[in-house]
Amino acid sequence: MARWRDGRTQLHLPGVAVPLEIAASYRARTRGLLGRDGIGGALLLTPATSVHTFRMRFPIDVAYLDRDLTVLAVRTMRPGRLGAPRPPARHV
């Protein structure tokens with residue numbers, strides 16, 4: 001099993017590289033996007049099965065991923081919402 005670490009990298013998609021921030025520690029996952037006015041890329045929370053948008057300033061698109069990083073579901077969440085847990089999800 002891979003050990004994830006907090007940090008920054010890039011998510012390589014066909015024709016584009018997207019900045020990716022990894023939040024693997026309890027502290028980084030708890031902080032998440034709080035206090036930010038936006039994000040210029042993506043944030044991977046691991047391990048995680050759900051997220052919330054309480055105290056956030058902007059809506060987010062949430063992708064639930066399994067252990068193999070396969071997308072299970074994608075939802076747009078407005079501020080002040082609690083996302084439903086997706087039991088097979090390992091990353092959000």
# chains A, B, ... in the order shown; residues from 1 in each chain; ligands from 1

call {"tool": "residues_around", "arguments": {"residues": "Gly40 (chain A)", "least_positions_apart": "4", "cutoff": "9 Å", "atoms": "only C-alpha atoms", "output": "list of chain:residue names"}}
result
A:Val18, A:Pro19, A:Leu20

call {"tool": "select_by_dssp", "arguments": {"residues": "chain A", "states": "helix (DSSP H, G or I)", "output": "list in words"}}
result
Tyr26, Arg27, Ala28, Arg29, Thr30 and Arg31 of chain A

call {"tool": "closest_atom_pairs", "arguments": {"of": "region 40-80 of chain A", "to": "region 22-35 of chain A", "cutoff": "9 Å", "atoms": "only C-alpha atoms", "output": "CSV"}}
result
residue,atom,partner,partner_atom,distance
A:Ala42,CA,A:Ile22,CA,8.6
A:Leu43,CA,A:Ile22,CA,5.9
A:Leu44,CA,A:Ile22,CA,4.9
A:Leu45,CA,A:Ala23,CA,5.0
A:Thr46,CA,A:Ala24,CA,5.0
A:Pro47,CA,A:Ala24,CA,6.7
A:Ala48,CA,A:Arg29,CA,8.6
A:Thr53,CA,A:Leu34,CA,8.6
A:Phe54,CA,A:Leu34,CA,8.6
A:Arg55,CA,A:Leu34,CA,6.8
A:Met56,CA,A:Leu34,CA,5.8
A:Arg57,CA,A:Gly35,CA,7.9

call {"tool": "write_last_selection", "arguments": {"atoms": "N, CA and C atoms", "output": "PDB file, in the first residue's frame"}}
result
ATOM      1  N   ALA A  42      -6.077  21.318  -8.017  1.00  0.00           N
ATOM      2  CA  ALA A  42      -6.864  20.304  -7.309  1.00  0.00           C
ATOM      3  C   ALA A  42      -6.244  20.020  -5.945  1.00  0.00           C
ATOM      4  N   LEU A  43      -7.073  19.540  -5.034  1.00  0.00           N
ATOM      5  CA  LEU A  43      -6.639  19.120  -3.704  1.00  0.00           C
ATOM      6  C   LEU A  43      -7.086  17.679  -3.518  1.00  0.00           C
ATOM      7  N   LEU A  44      -6.145  16.796  -3.186  1.00  0.00           N
ATOM      8  CA  LEU A  44      -6.457  15.393  -2.940  1.00  0.00           C
ATOM      9  C   LEU A  44      -6.410  15.144  -1.438  1.00  0.00           C
ATOM     10  N   LEU A  45      -7.549  14.743  -0.861  1.00  0.00           N
ATOM     11  CA  LEU A  45      -7.613  14.380   0.549  1.00  0.00           C
ATOM     12  C   LEU A  45      -7.513  12.867   0.646  1.00  0.00           C
ATOM     13  N   THR A  46      -6.543  12.380   1.411  1.00  0.00           N
ATOM     14  CA  THR A  46      -6.357  10.940   1.535  1.00  0.00           C
ATOM     15  C   THR A  46      -5.855  10.584   2.922  1.00  0.00           C
ATOM     16  N   PRO A  47      -6.432   9.624   3.599  1.00  0.00           N
ATOM     17  CA  PRO A  47      -7.651   8.921   3.229  1.00  0.00           C
ATOM     18  C   PRO A  47      -8.874   9.773   3.552  1.00  0.00           C
ATOM     19  N   ALA A  48      -9.914   9.613   2.771  1.00  0.00           N
ATOM     20  CA  ALA A  48     -11.167  10.337   2.998  1.00  0.00           C
ATOM     21  C   ALA A  48     -12.287   9.657   2.218  1.00  0.00           C
ATOM     22  N   THR A  53     -18.393  21.516   3.116  1.00  0.00           N
ATOM     23  CA  THR A  53     -18.012  22.848   2.644  1.00  0.00           C
ATOM     24  C   THR A  53     -18.421  23.924   3.650  1.00  0.00           C
ATOM     25  N   PHE A  54     -18.530  23.554   4.919  1.00  0.00           N
ATOM     26  CA  PHE A  54     -18.836  24.534   5.957  1.00  0.00           C
ATOM     27  C   PHE A  54     -17.700  25.545   6.051  1.00  0.00           C
ATOM     28  N   ARG A  55     -18.058  26.831   6.190  1.00  0.00           N
ATOM     29  CA  ARG A  55     -17.109  27.940   6.306  1.00  0.00           C
ATOM     30  C   ARG A  55     -16.276  28.154   5.050  1.00  0.00           C
ATOM     31  N   MET A  56     -16.682  27.571   3.938  1.00  0.00           N
ATOM     32  CA  MET A  56     -15.971  27.808   2.683  1.00  0.00           C
ATOM     33  C   MET A  56     -16.597  28.988   1.960  1.00  0.00           C
ATOM     34  N   ARG A  57     -15.826  29.604   1.084  1.00  0.00           N
ATOM     35  CA  ARG A  57     -16.262  30.815   0.402  1.00  0.00           C
ATOM     36  C   ARG A  57     -16.693  30.593  -1.037  1.00  0.00           C
TER      37      ARG A  57
END

call {"tool": "select_by_dssp", "arguments": {"residues": "chain A", "states": "strand (DSSP E)", "output": "VMD selection string"}}
result
chain A and resid 7 to 13 16 to 23 42 to 45 60 to 65 71 to 77

call {"tool": "write_last_selection", "arguments": {"atoms": "C-alpha atoms", "output": "CSV table (one decimal), in the first residue's frame"}}
result
chain,number,residue,atom,x,y,z
A,7,GLY,CA,2.9,18.1,-0.7
A,8,ARG,CA,2.5,19.6,-4.1
A,9,THR,CA,2.9,17.9,-7.5
A,10,GLN,CA,1.1,17.9,-10.8
A,11,LEU,CA,-1.8,15.8,-12.1
A,12,HIS,CA,-1.0,14.9,-15.8
A,13,LEU,CA,-4.1,14.7,-18.0
A,16,VAL,CA,-2.5,19.5,-19.7
A,17,ALA,CA,-0.8,19.4,-16.3
A,18,VAL,CA,-3.0,20.5,-13.3
A,19,PRO,CA,-1.3,21.6,-10.0
A,20,LEU,CA,-2.2,19.1,-7.3
A,21,GLU,CA,-1.9,19.6,-3.6
A,22,ILE,CA,-1.9,16.4,-1.5
A,23,ALA,CA,-3.4,16.5,2.1
A,42,ALA,CA,-6.9,20.3,-7.3
A,43,LEU,CA,-6.6,19.1,-3.7
A,44,LEU,CA,-6.5,15.4,-2.9
A,45,LEU,CA,-7.6,14.4,0.5
A,60,ILE,CA,-16.2,23.0,-5.3
A,61,ASP,CA,-16.3,20.0,-7.6
A,62,VAL,CA,-15.7,16.9,-5.6
A,63,ALA,CA,-14.5,13.6,-7.1
A,64,TYR,CA,-14.6,10.4,-5.1
A,65,LEU,CA,-11.8,8.0,-5.9
A,71,VAL,CA,-13.3,8.1,-10.2
A,72,LEU,CA,-16.5,6.7,-8.6
A,73,ALA,CA,-18.6,9.9,-8.5
A,74,VAL,CA,-18.3,13.6,-9.1
A,75,ARG,CA,-20.5,16.2,-7.4
A,76,THR,CA,-20.6,20.0,-7.2
A,77,MET,CA,-21.0,21.3,-3.6

call {"tool": "atom_distance", "arguments": {"atom1": "CA of Ala84 (chain A)", "atom2": "CA of Asp6 (chain A)"}}
result
24.5 Å
